[in-house]
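As stored in run-v4.txt (compact mmCIF, C-alpha atoms):
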# COMPACT_ATOMS: atom_id res chain seq x y z
CA MET A 194 -23.77 -19.70 7.90
CA LYS A 195 -25.54 -16.51 7.03
CA MET A 196 -24.16 -13.22 5.86
CA ILE A 197 -25.16 -9.73 6.98
CA THR A 198 -23.84 -6.85 4.89
CA ILE A 199 -22.74 -3.81 6.86
CA ASP A 200 -23.98 -0.46 5.63
CA ALA A 201 -21.09 1.92 6.27
CA SER A 202 -23.36 4.97 6.48
CA GLN A 203 -25.19 3.50 9.50
CA ILE A 204 -22.05 3.23 11.58
CA PRO A 205 -20.96 6.41 13.35
CA SER A 206 -17.35 7.34 12.61
CA GLY A 207 -15.97 10.05 14.80
CA ASN A 208 -13.13 12.34 13.86
CA ALA A 209 -10.08 10.74 15.39
CA VAL A 210 -6.87 12.67 15.78
CA THR A 211 -3.30 11.58 16.36
CA ILE A 212 -0.30 13.68 17.34
CA ILE A 213 3.14 13.07 15.81
CA ASN A 214 6.03 15.31 16.89
CA GLY A 215 3.56 17.81 18.31
CA VAL A 216 1.62 18.14 15.05
CA LYS A 217 -2.01 17.16 14.80
CA PHE A 218 -3.17 14.75 12.07
CA ASN A 219 -6.67 13.62 11.22
CA VAL A 220 -7.02 9.85 11.05
CA ALA A 221 -9.77 7.44 10.07
CA VAL A 222 -9.97 3.67 9.92
CA SER A 223 -8.30 2.28 6.80
CA PRO A 224 -10.49 0.59 4.15
CA TYR A 225 -8.77 -2.72 4.91
CA GLN A 226 -9.85 -2.53 8.56
CA PHE A 227 -13.47 -1.52 8.07
CA PRO A 228 -15.61 -4.66 8.33
CA LYS A 229 -17.80 -5.23 5.25
CA ALA A 230 -20.03 -8.04 6.52
CA PHE A 231 -20.79 -10.43 9.37
CA GLU A 232 -21.07 -14.16 9.12
CA VAL A 233 -22.92 -15.82 12.00
CA GLU A 234 -22.25 -19.45 12.82
CA TYR A 235 -23.55 -21.69 15.61
CA ASN A 236 -21.51 -24.69 16.68
CA LYS A 237 -23.88 -27.25 18.20
CA ASP A 238 -21.23 -29.48 19.78
CA GLU A 239 -19.54 -26.70 21.68
CA GLY A 240 -22.58 -24.50 22.10
CA THR A 241 -20.76 -21.41 20.82
CA VAL A 242 -21.87 -18.62 18.54
CA THR A 243 -19.16 -17.28 16.23
CA ILE A 244 -19.40 -13.91 14.51
CA HIS A 245 -16.91 -13.65 11.64
CA PHE A 246 -15.98 -10.18 10.39
CA LYS A 247 -15.38 -9.98 6.65
CA TYR A 248 -12.84 -7.50 5.26
CA LEU A 249 -11.08 -6.65 2.02
CA GLY A 250 -8.24 -9.12 1.55
CA LYS A 251 -7.66 -12.54 3.03
CA GLU A 252 -5.73 -12.11 6.25
CA GLN A 253 -5.31 -15.23 8.34
CA ILE A 254 -5.97 -15.64 12.04
CA GLY A 255 -3.00 -14.93 14.28
CA GLU A 256 -3.38 -14.37 17.99
CA ILE A 257 -6.39 -15.65 19.92
CA ASP A 258 -7.37 -13.58 22.91
CA HIS A 259 -9.47 -14.88 25.80
CA VAL A 260 -11.21 -11.72 26.89
CA SER A 261 -13.46 -13.27 29.54
CA ASP A 262 -14.76 -16.73 30.52
CA GLN A 263 -17.35 -16.54 27.80
CA VAL A 264 -15.76 -14.50 25.05
CA THR A 265 -12.79 -15.23 22.75
CA ILE A 266 -11.51 -12.88 20.05
CA SER A 267 -9.41 -13.89 17.02
CA HIS A 268 -7.02 -11.25 15.74
CA GLY A 269 -5.54 -10.83 12.26
CA ARG A 270 -2.04 -12.20 11.83
CA HIS A 271 -0.34 -9.01 10.62
CA SER A 272 -2.63 -6.12 11.49
CA GLY A 273 -4.18 -7.41 14.72
CA LYS A 274 -7.66 -6.44 13.55
CA ILE A 275 -10.65 -8.29 14.94
CA LEU A 276 -11.49 -11.26 12.70
CA ALA A 277 -13.98 -13.21 14.80
CA VAL A 278 -15.77 -13.21 18.14
CA HIS A 279 -16.71 -16.51 19.75
CA PHE A 280 -19.04 -16.67 22.74
CA HIS A 281 -20.95 -19.29 24.62
CA ALA A 282 -24.73 -19.17 24.35
CA ASP A 283 -27.55 -21.32 25.64
CA GLU A 284 -29.78 -22.78 22.99
CA CYS A 285 -32.75 -20.82 21.70
CA ASP A 286 -32.15 -17.94 24.08
CA ILE A 287 -32.62 -15.17 21.53
CA LYS A 288 -33.06 -12.49 24.16
CA ALA A 289 -29.81 -13.33 25.94
CA ILE A 290 -27.87 -13.34 22.65
CA ARG A 291 -29.36 -10.03 21.60
CA MET A 292 -28.61 -8.46 24.97
CA PHE A 293 -25.12 -9.81 24.80
CA ALA A 294 -24.50 -8.47 21.30
CA THR A 295 -25.87 -5.02 22.05
CA GLY A 296 -24.59 -4.47 25.55
CA GLU A 297 -21.78 -6.58 26.89
CA MET A 298 -19.81 -7.46 23.79
CA PRO A 299 -19.23 -3.95 22.39
CA GLU A 300 -18.23 -2.90 25.90
CA LEU A 301 -15.74 -5.77 26.15
CA ILE A 302 -14.29 -4.97 22.73
CA LYS A 303 -14.00 -1.28 23.51
CA GLN A 304 -12.28 -2.03 26.82
CA ILE A 305 -9.35 -3.77 25.12
CA ARG A 306 -8.00 -0.50 23.62
CA PRO A 307 -4.98 -1.79 21.67
CA GLU A 308 -1.92 0.46 21.52
CA GLN A 309 -1.72 0.73 17.74
CA ILE A 310 -4.17 3.41 16.60
CA SER A 311 -5.26 1.49 13.48
CA THR A 312 -6.34 -1.51 15.56
CA ARG A 313 -8.06 0.75 18.07
CA LEU A 314 -10.12 2.39 15.32
CA ASN A 315 -10.93 -1.06 13.93
CA PHE A 316 -12.16 -2.21 17.36
CA ASP A 317 -14.33 0.89 17.74
CA VAL A 318 -15.93 0.35 14.34
CA ALA A 319 -16.44 -3.37 15.04
CA ALA A 320 -18.09 -2.60 18.39
CA SER A 321 -20.52 -0.07 16.95
CA ALA A 322 -21.30 -2.37 14.01
CA LEU A 323 -22.18 -5.12 16.50
CA ASN A 324 -24.36 -2.67 18.35
CA VAL A 325 -26.28 -1.70 15.20
CA TYR A 326 -26.74 -5.23 13.84
CA ALA A 327 -27.33 -7.10 17.13
CA PRO A 328 -30.98 -8.04 16.45
CA GLN A 329 -30.17 -9.62 13.09
CA ILE A 330 -27.15 -11.45 14.50
CA ALA A 331 -29.27 -12.92 17.30
CA GLU A 332 -31.94 -14.00 14.81
CA PHE A 333 -29.44 -15.71 12.53
CA ALA A 334 -27.76 -17.45 15.45
CA VAL A 335 -31.05 -18.79 16.79
CA ALA A 336 -32.16 -19.89 13.32
CA GLN A 337 -29.20 -22.28 13.22
CA MET A 338 -29.92 -23.82 16.62
CA MET B 1254 13.90 15.71 15.49
CA ASP B 1255 15.91 18.84 16.32
CA THR B 1256 14.83 22.47 16.26
CA ASP B 1257 15.40 22.84 12.53
CA GLY B 1258 13.15 19.90 11.84
CA ASN B 1259 16.04 17.71 10.76
CA LEU B 1260 16.03 14.02 11.45
CA ARG B 1261 18.80 13.18 13.84
CA GLY B 1262 20.36 10.10 15.29
CA HIS B 1263 19.72 7.87 12.32
CA GLY B 1264 22.62 7.05 10.06
CA TRP B 1265 21.87 7.33 6.40
CA PRO B 1266 22.73 4.35 4.29
CA SER B 1267 25.04 4.89 1.36
CA THR B 1268 23.03 6.03 -1.61
CA TRP B 1269 24.75 3.90 -4.23
CA SER B 1270 23.08 0.76 -2.99
CA ILE B 1271 19.70 2.46 -3.27
CA ASP B 1272 20.51 3.78 -6.73
CA LEU B 1273 21.41 0.26 -7.75
CA THR B 1274 18.11 -1.04 -6.40
CA LEU B 1275 16.20 1.66 -8.25
CA MET B 1276 18.09 0.95 -11.47
CA THR B 1277 17.56 -2.78 -11.34
CA GLY B 1278 14.04 -2.41 -9.95
CA TYR B 1279 11.40 -4.39 -11.77
CA TRP B 1280 8.99 -1.48 -11.94
CA ARG B 1281 10.56 0.37 -14.88
CA ASP B 1282 8.99 0.34 -18.34
CA GLN B 1283 9.76 -2.36 -20.85
CA ILE B 1284 12.88 -1.61 -22.86
CA LYS B 1285 11.88 -0.17 -26.23
CA LEU B 1286 14.19 -0.52 -29.23
CA SER B 1287 14.15 1.69 -32.30
CA LYS B 1288 12.86 0.18 -35.56
CA PHE B 1289 16.38 -0.31 -36.89
CA TRP B 1290 17.61 -2.23 -33.86
CA SER B 1291 14.53 -4.41 -33.47
CA LEU B 1292 14.76 -5.37 -37.17
CA THR B 1293 18.47 -6.11 -36.78
CA LEU B 1294 17.73 -8.29 -33.76
CA ARG B 1295 15.06 -10.26 -35.65
CA LEU B 1296 17.31 -10.74 -38.70
CA THR B 1297 20.18 -11.91 -36.50
CA GLN B 1298 17.90 -14.53 -35.00
CA LEU B 1299 17.25 -15.81 -38.54
CA LEU B 1300 20.96 -16.66 -38.79
CA ALA B 1301 20.52 -19.44 -36.23
CA PRO B 1302 19.54 -22.24 -38.68
CA LEU B 1303 22.26 -21.02 -41.06
CA GLY B 1304 24.94 -21.25 -38.35
CA LEU B 1305 23.78 -24.62 -37.04
CA GLY B 1306 23.52 -26.00 -40.59
CA ALA B 1307 27.02 -24.79 -41.37
CA ILE B 1308 28.38 -26.44 -38.22
CA SER B 1309 26.79 -29.76 -39.12
CA ILE B 1310 28.15 -29.52 -42.68
CA ALA B 1311 31.61 -28.70 -41.32
CA ILE B 1312 31.50 -31.72 -39.03
CA THR B 1313 30.24 -34.11 -41.72
CA TYR B 1314 32.40 -33.20 -44.73
CA ASP B 1315 36.17 -33.34 -44.77
CA TYR B 1316 36.67 -31.20 -47.88
CA LYS B 1317 36.05 -27.60 -46.76
CA PRO B 1318 37.99 -24.32 -46.67
CA ALA B 1319 39.89 -23.59 -43.43
CA TRP B 1320 37.68 -20.57 -42.51
CA PHE B 1321 34.41 -22.52 -42.80
CA PHE B 1322 34.24 -24.15 -39.37
CA PRO B 1323 35.23 -21.11 -37.20
CA THR B 1324 32.91 -18.82 -39.19
CA SER B 1325 29.94 -21.14 -38.70
CA ILE B 1326 30.59 -21.19 -34.96
CA VAL B 1327 30.74 -17.37 -34.83
CA VAL B 1328 27.43 -17.10 -36.72
CA ALA B 1329 25.78 -19.59 -34.35
CA VAL B 1330 27.03 -17.75 -31.26
CA ILE B 1331 25.87 -14.35 -32.56
CA SER B 1332 22.38 -15.68 -33.28
CA ALA B 1333 22.24 -17.30 -29.83
CA LEU B 1334 23.13 -13.94 -28.26
CA ALA B 1335 20.32 -12.33 -30.27
CA PHE B 1336 17.87 -14.86 -28.85
CA ILE B 1337 19.06 -14.13 -25.30
CA ALA B 1338 18.77 -10.36 -25.88
CA GLN B 1339 15.24 -10.77 -27.24
CA TRP B 1340 14.25 -12.81 -24.19
CA ALA B 1341 15.70 -10.20 -21.82
CA ILE B 1342 13.85 -7.37 -23.58
CA ASP B 1343 10.56 -9.26 -23.62
CA ASN B 1344 10.84 -9.94 -19.89
CA SER B 1345 11.99 -6.45 -18.86
CA GLY B 1346 9.67 -3.99 -17.17
CA CYS B 1347 6.93 -4.46 -14.62
CA PRO B 1348 3.99 -6.51 -15.88
CA TYR B 1349 1.48 -4.62 -13.78
CA LYS B 1350 2.64 -1.08 -14.23
CA LYS B 1351 0.03 -0.15 -16.80
CA TYR B 1352 -2.74 -1.79 -14.78
CA VAL B 1353 -1.79 0.19 -11.68
CA GLU B 1354 -1.70 3.40 -13.68
CA ALA B 1355 -5.13 2.52 -15.03
CA VAL B 1356 -6.44 2.08 -11.47
CA LEU B 1357 -5.08 5.46 -10.43
CA GLU B 1358 -6.71 7.08 -13.45
CA TYR B 1359 -9.95 5.29 -12.64
CA ALA B 1360 -9.79 6.64 -9.10
CA ASP B 1361 -9.28 10.14 -10.42
CA GLN B 1362 -12.28 9.90 -12.76
CA PHE B 1363 -14.42 8.22 -10.12
CA TRP B 1364 -13.96 11.16 -7.80
CA GLU B 1365 -14.70 13.47 -10.70
CA ILE B 1366 -18.21 12.08 -11.16
CA HIS B 1367 -18.93 11.41 -7.48
CA PRO B 1368 -18.41 14.72 -5.69
CA ASN B 1369 -18.60 14.45 -1.94
CA GLN B 1370 -21.87 14.41 -0.12
CA TYR B 1371 -21.98 18.06 0.85
CA GLY B 1372 -22.18 19.16 -2.77
CA LYS B 1373 -18.90 21.01 -2.55
CA GLU B 1374 -16.80 21.55 -5.58
CA ARG B 1375 -14.51 18.64 -6.20
CA PHE B 1376 -10.88 19.67 -6.47
CA ARG B 1377 -8.40 17.52 -8.29
CA PHE B 1378 -5.54 16.02 -6.39
CA ARG B 1379 -2.43 14.10 -7.31
CA ILE B 1380 -2.27 10.40 -6.50
CA THR B 1381 1.05 8.65 -5.96
CA LEU B 1382 1.62 4.99 -5.21
CA PHE B 1383 4.66 4.18 -3.05
CA GLU B 1384 6.09 0.71 -2.68
CA LEU B 1385 7.86 -0.55 0.45
CA MET B 1386 11.39 -1.72 -0.28
CA THR B 1387 13.81 -3.50 2.00
CA LEU B 1388 17.32 -2.17 2.28
CA ARG B 1389 19.96 -4.86 2.19
CA ARG B 1390 22.30 -4.33 5.09
CA TRP B 1391 25.83 -5.58 4.60
CA ARG B 1392 27.29 -7.85 7.25
CA TRP B 1393 30.32 -5.64 7.76
CA ARG B 1394 28.22 -2.54 8.41
CA LYS B 1395 27.61 -2.92 12.09
CA ARG B 1396 25.98 0.49 12.52
CA LYS B 1397 22.23 0.52 12.73
CA THR B 1398 20.75 2.18 9.67
CA TRP B 1399 17.35 2.37 8.12
CA THR B 1400 16.02 -0.93 6.96
CA HIS B 1401 13.04 0.05 4.84
CA TYR B 1402 12.16 2.81 2.44
CA LEU B 1403 9.26 3.84 0.24
CA VAL B 1404 9.73 4.48 -3.50
CA ALA B 1405 7.23 6.24 -5.77
CA ARG B 1406 6.09 3.74 -8.38
CA ALA B 1407 3.16 5.27 -10.20
CA ARG B 1408 1.52 8.65 -10.28
CA PHE B 1409 -1.59 10.25 -11.73
CA PRO B 1410 -1.70 12.80 -13.39
CA LYS B 1411 1.46 11.51 -15.03
CA SER B 1412 4.49 13.74 -15.08
CA GLY B 1413 7.65 13.59 -17.13
CA GLN B 1414 9.84 13.97 -14.09
CA ARG B 1415 11.74 11.02 -12.71
CA ARG B 1416 10.55 10.27 -9.22
CA LYS B 1417 13.77 9.90 -7.32
CA ARG B 1418 12.68 10.91 -3.82
CA ILE B 1419 12.57 8.04 -1.37
CA TRP B 1420 11.27 8.07 2.19
CA PHE B 1421 12.99 6.09 4.92
CA VAL B 1422 10.53 4.47 7.28
CA HIS B 1423 10.40 2.62 10.54
CA ASP B 1424 8.00 -0.25 11.19
CA HIS B 1425 5.82 1.50 13.74
CA GLU B 1426 7.56 4.64 15.10
CA ALA B 1427 5.78 7.37 13.17
CA GLU B 1428 8.01 10.03 14.77
CA VAL B 1429 11.14 8.96 12.95
CA CYS B 1430 9.53 8.11 9.61
CA GLN B 1431 10.15 10.52 6.77
CA GLY B 1432 7.37 12.21 4.93
CA ILE B 1433 3.62 11.88 5.19
CA ALA B 1434 4.02 8.59 3.33
CA GLY B 1435 6.11 7.30 6.25
CA ARG B 1436 3.55 8.48 8.77
CA ILE B 1437 0.73 6.72 6.95
CA PHE B 1438 2.86 3.60 6.70
CA ALA B 1439 3.61 3.56 10.42
CA LYS B 1440 0.06 4.38 11.55
CA GLU B 1441 -1.70 2.10 9.04
CA THR B 1442 -4.74 4.36 8.86
CA ILE B 1443 -6.25 6.93 6.56
CA LEU B 1444 -4.30 10.02 7.64
CA PHE B 1445 -4.22 13.60 6.41
CA THR B 1446 -2.66 16.84 7.52
CA GLU B 1447 -4.28 20.02 8.72
CA GLU B 1448 -3.70 23.09 6.57
CA LEU B 1449 -0.01 23.39 5.66
CA PRO B 1450 1.67 26.80 5.36
CA ASP B 1451 2.01 28.38 1.91
CA LEU B 1452 5.63 28.27 0.80
CA HIS B 1453 4.92 30.48 -2.22
CA SER B 1454 3.32 33.36 -0.36
CA ILE B 1455 4.06 36.94 -1.40
CA PRO B 1456 6.43 38.73 -0.85
CA GLN B 1457 8.24 35.72 0.58
CA PRO B 1458 7.48 32.86 2.98
CA ARG B 1459 8.57 33.25 6.58
CA ASP B 1460 11.17 31.01 8.19
CA ALA B 1461 8.52 29.87 10.64
CA ASP B 1462 6.46 28.57 7.72
CA PHE B 1463 9.33 26.38 6.55
CA LYS B 1464 9.83 25.11 10.06
CA LYS B 1465 6.17 24.26 10.50
CA TYR B 1466 6.00 22.62 7.08
CA ALA B 1467 9.10 20.55 7.86
CA THR B 1468 7.87 19.30 11.23
CA SER B 1469 4.41 18.46 9.90
CA THR B 1470 5.60 16.58 6.84
CA GLY B 1471 8.72 14.93 8.23
CA THR B 1472 11.13 16.62 5.83
CA THR B 1473 14.05 18.98 6.34
CA ILE B 1474 14.11 22.73 5.79
CA ALA B 1475 17.01 22.43 3.33
CA GLU B 1476 14.98 19.99 1.27
CA LEU B 1477 11.96 22.26 1.30
CA ARG B 1478 14.04 25.25 0.14
CA THR B 1479 15.16 23.34 -2.94
CA ASP B 1480 11.91 21.47 -3.64
CA MET B 1481 9.49 24.32 -2.75
CA PRO B 1482 6.39 22.10 -2.78
CA TYR B 1483 3.02 23.59 -3.66
CA SER B 1484 1.03 21.05 -1.63
CA ARG B 1485 -1.15 22.64 1.05
CA VAL B 1486 -2.69 19.38 2.19
CA ILE B 1487 -1.30 15.83 2.02
CA GLY B 1488 -3.04 12.62 2.99
CA GLY B 1489 -3.42 9.01 2.06
CA MET B 1490 -3.96 5.43 3.07
CA PRO B 1491 -1.99 2.20 3.33
CA VAL B 1492 -2.03 -0.42 0.59
CA LEU B 1493 -1.88 -4.02 1.76
CA SER B 1494 -1.20 -7.20 -0.11
CA GLN B 1495 -3.78 -9.97 -0.23
CA ASP B 1496 -2.53 -11.63 2.98
CA GLY B 1497 -2.72 -8.43 5.03
CA GLN B 1498 0.94 -7.40 4.96
CA ARG B 1499 1.86 -3.83 4.17
CA TRP B 1500 2.74 -3.41 0.50
CA GLY B 1501 3.05 0.35 0.38
CA VAL B 1502 1.20 3.62 0.64
CA LEU B 1503 -1.11 5.66 -1.54
CA VAL B 1504 -0.59 9.41 -1.11
CA PHE B 1505 -2.86 12.25 -2.22
CA ASP B 1506 -1.72 15.84 -2.30
CA ALA B 1507 -3.19 19.09 -3.56
CA PRO B 1508 -2.38 22.81 -3.60
CA ILE B 1509 -5.88 23.66 -2.34
CA THR B 1510 -6.62 22.95 1.30
CA GLU B 1511 -10.23 21.86 0.78
CA ALA B 1512 -9.28 19.26 -1.80
CA ILE B 1513 -8.60 16.45 0.65
CA SER B 1514 -10.95 15.70 3.51
CA LYS B 1515 -12.32 12.70 5.29
CA ASP B 1516 -15.18 12.53 2.78
CA SER B 1517 -12.85 12.18 -0.16
CA LEU B 1518 -10.69 9.50 1.44
CA TYR B 1519 -13.36 7.57 3.26
CA GLY B 1520 -16.02 5.12 2.19
CA GLU B 1521 -16.89 3.31 -0.99
CA ASN B 1522 -14.53 5.17 -3.32
CA SER B 1523 -11.37 4.23 -1.51
CA ASP B 1524 -12.66 0.72 -0.74
CA ARG B 1525 -13.19 0.03 -4.36
CA PHE B 1526 -9.81 0.86 -5.67
CA ALA B 1527 -7.91 -0.27 -2.58
CA MET B 1528 -9.23 -3.72 -3.45
CA MET B 1529 -8.31 -3.33 -7.13
CA LEU B 1530 -4.76 -2.37 -6.21
CA THR B 1531 -4.48 -5.24 -3.74
CA VAL B 1532 -5.61 -7.79 -6.29
CA ILE B 1533 -3.31 -6.46 -9.03
CA LEU B 1534 -0.29 -6.07 -6.79
CA SER B 1535 -0.67 -9.57 -5.34
CA GLY B 1536 -0.41 -10.82 -8.90
CA GLY B 1537 -4.06 -11.80 -9.16
CA ALA B 1538 -5.61 -10.04 -12.12
CA PRO B 1539 -3.34 -9.73 -15.16
As structure tokens, how would this structure be written, given the file I've shared?
Amino acid sequence: MKMITIDASQIPSGNAVTIINGVKFNVAVSPYQFPKAFEVEYNKDEGTVTIHFKYLGKEQIGEIDHVSDQVTISHGRHSGKILAVHFHADECDIKAIRMFATGEMPELIKQIRPEQISTRLNFDVAASALNVYAPQIAEFAVAQM
Amino acid sequence: MDTDGNLRGHGWPSTWSIDLTLMTGYWRDQIKLSKFWSLTLRLTQLLAPLGLGAISIAITYDYKPAWFFPTSIVVAVISALAFIAQWAIDNSGCPYKKYVEAVLEYADQFWEIHPNQYGKERFRFRITLFELMTLRRWRWRKRKTWTHYLVARARFPKSGQRRKRIWFVHDHEAEVCQGIAGRIFAKETILFTEELPDLHSIPQPRDADFKKYATSTGTTIAELRTDMPYSRVIGGMPVLSQDGQRWGVLVFDAPITEAISKDSLYGENSDRFAMMLTVILSGGAP
């Protein structure tokens, strides 16, 4: 397993707004839901690449969501934040993995749009972090194959 | 919420049960005795061997005055009570209170030396840590009442006032939560208000200002008229325990509108001491 540290300044964070009782409030993703690092793991038996998101605290995995045939997402037990993404990948296909990490996966994650605003912000940040660090993730995944 | 900004449709729980919880809460300071009383307590503890010795003598020897046995028992009991009192005093108070206050002070100084990236002046703001408490609902009270509330536990800069205000909260309905603390708790994000109206404007604040202040902060107009807060901007973030459950809320407020922005609440600064609080409050560090 290899670790990639996420540089928070490289990830775009828009100004989100929420309305409560007709009053506007500025919101931003909480420090507990901003991913600090990736851990990339390749499981040879199953042929799956797993990207673990590292956060402050030690929340355990709760729900597991099958987003598509290829992709599975593990959510945090209490907050519902994204803890890991598992996807099937053919061996040594660095291009496919990179394409997948830059294009399809962030799209899939953004499409989920959870109801709770904190989880939604967390998913947005996770998707753009994947987008930024896709080349390194693909490299690390292939290195383990 | 009705037109006056009052919360409606939610029965208030009786306040005595909350007062009792606050009184017996573990977060208070350790009980401090004056020099006279602490010395008296120590000396009374020294009577223990005397009392026990006297009891054993009274049991062993037949020839003794009639008052000897009861007196030795009284001395032993008094010294035992002194031991129990000493134990209770030593174990009173919250073990992490001073650590949490240290973290809040650290946060304050950290922001002092790291002004935000646009080179603006850094304004000071007040930091308050709220803890989530569960309200015990009695079996015989069938009516639905609030189940959770937030209590102020630590504050920097410190003030001599007792923090008695509590905010009733709902798990996820931000609309019915009281206060900005409640809103942050329900939303679980970094959240801060737009500019709030000035309640100390000259010659006197308008009624509309009170109304706007009340709807934005989830308070009532009556409360505002007695409290007359100076805060022009309020914000904060949730505090979680190590396993990801909500522990409470950290609230920042300031009388200057520019004091709190996304830059001051976002990034490395808040990461750093969110983690420190989490570790301390989960019972990790001290």
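Nearest residue to chain B, choosing from A:Val264, A:Leu249, A:Ile257, A:Ala209 and counting only C-alpha atoms: A:Leu249.
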- Starting from chain A, keep only residues with some atom at most 8 Å from an atom of chain B, counting only C-alpha atoms, and report them as number ranges by chain. A: 201, 213-214, 216-225, 249-253, 270-272, 309-311
- Message: Between CA of Leu1300 in chain B and CA of Val1328 in chain B, what distance in Å does the model show, to one decimal?
- Response: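 Answer for the CA of Leu1300 in chain B to CA of Val1328 in chain B separation: 6.8 Å.
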- What is the distance, in Å and to one decimal place, between CA of Thr1297 in chain B and CA of Ile1342 in chain B?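 Distance reported for this atom pair: 15.1 Å.
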- Query: Near Glu1384 in chain B, counting only C-alpha atoms, which residues have an atom at most 10 Å away, once you skip same-chain residues fewer than 3 positions from it, shown as a list in words?
  - Reply: Trp1280, Thr1381, Thr1387, Tyr1402, Leu1403, Val1404, Ala1405, Arg1406, Ala1407, Ile1419, Val1492, Arg1499, Trp1500, Gly1501, Val1502 and Leu1503 of chain B
- Task: With a distance cut-off of 12 Å and all atoms listed in the file, select the neighbouring residues of Asn236 in chain A, excluding the residue or stretch itself and same-chain residues fewer than 3 positions from it, and output the selection as a list in words.
- Result: Met194, Val233, Glu239, Gly240, Thr241, Val242, Thr243, Ile244, His279, Phe280, His281, Ala282, Asp283, Glu284, Ala334, Val335, Gln337 and Met338 of chain A
- Message: Please list, as an NGL selection string, the residues that have an atom at most 10 Å away from (-5.0, 21.1, -1.6) in the coordinates of this file, counting only C-alpha atoms.
- Response: :B and (1376-1379 or 1448-1449 or 1483-1488 or 1505-1514)
- Query: At what distance in Å, to one decimal, does CA of Ile1380 in chain B lie from CA of Arg1459 in chain B?
  - Reply: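 Interatomic distance, CA of Arg1459 in chain B to CA of Ile1380 in chain B: 28.5 Å.
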- Using all atoms listed in the file, find the one residue out of B:Thr1324, B:Ser1291, B:Arg1418, B:Asp1460 that sits nearest to Leu1303 in chain B.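 Once distances to Leu1303 in chain B are computed over all atoms listed in the file, the minimum belongs to B:Thr1324.
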- Message: Can you pull out the residues contacting Ser202 in chain A? Cut-off 12 Å, using only C-alpha atoms, and skip same-chain residues under 6 positions away; I want them as a ChimeraX atom specification.
- Response: /A:227,229,318,321-322,325 /B:1370,1516,1519-1521
- Message: Just want the 12 Å neighbourhood of Gln1457 in chain B, counted on all atoms listed in the file, with same-chain residues fewer than 6 positions away dropped. Output as a list in words.
- Response: Asp1451, Phe1463, Arg1478 and Met1481 of chain B
- Task: Between A:Ala327, A:Ile266, A:Leu314, A:Ile275, single out the one closest to Thr295 in chain A, counting only C-alpha atoms.
- Result: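 For Thr295 in chain A, the nearest of the candidates is A:Ala327.
Within the 8 Å cut-off around Phe231 in chain A, using only C-alpha atoms and omitting residues fewer than 2 positions from it on the same chain, the listed residues are Met196, Ile197, Thr198, Ile199, Pro228, Lys229, Val233, Ile244, His245, Phe246 and Lys247 of chain A.
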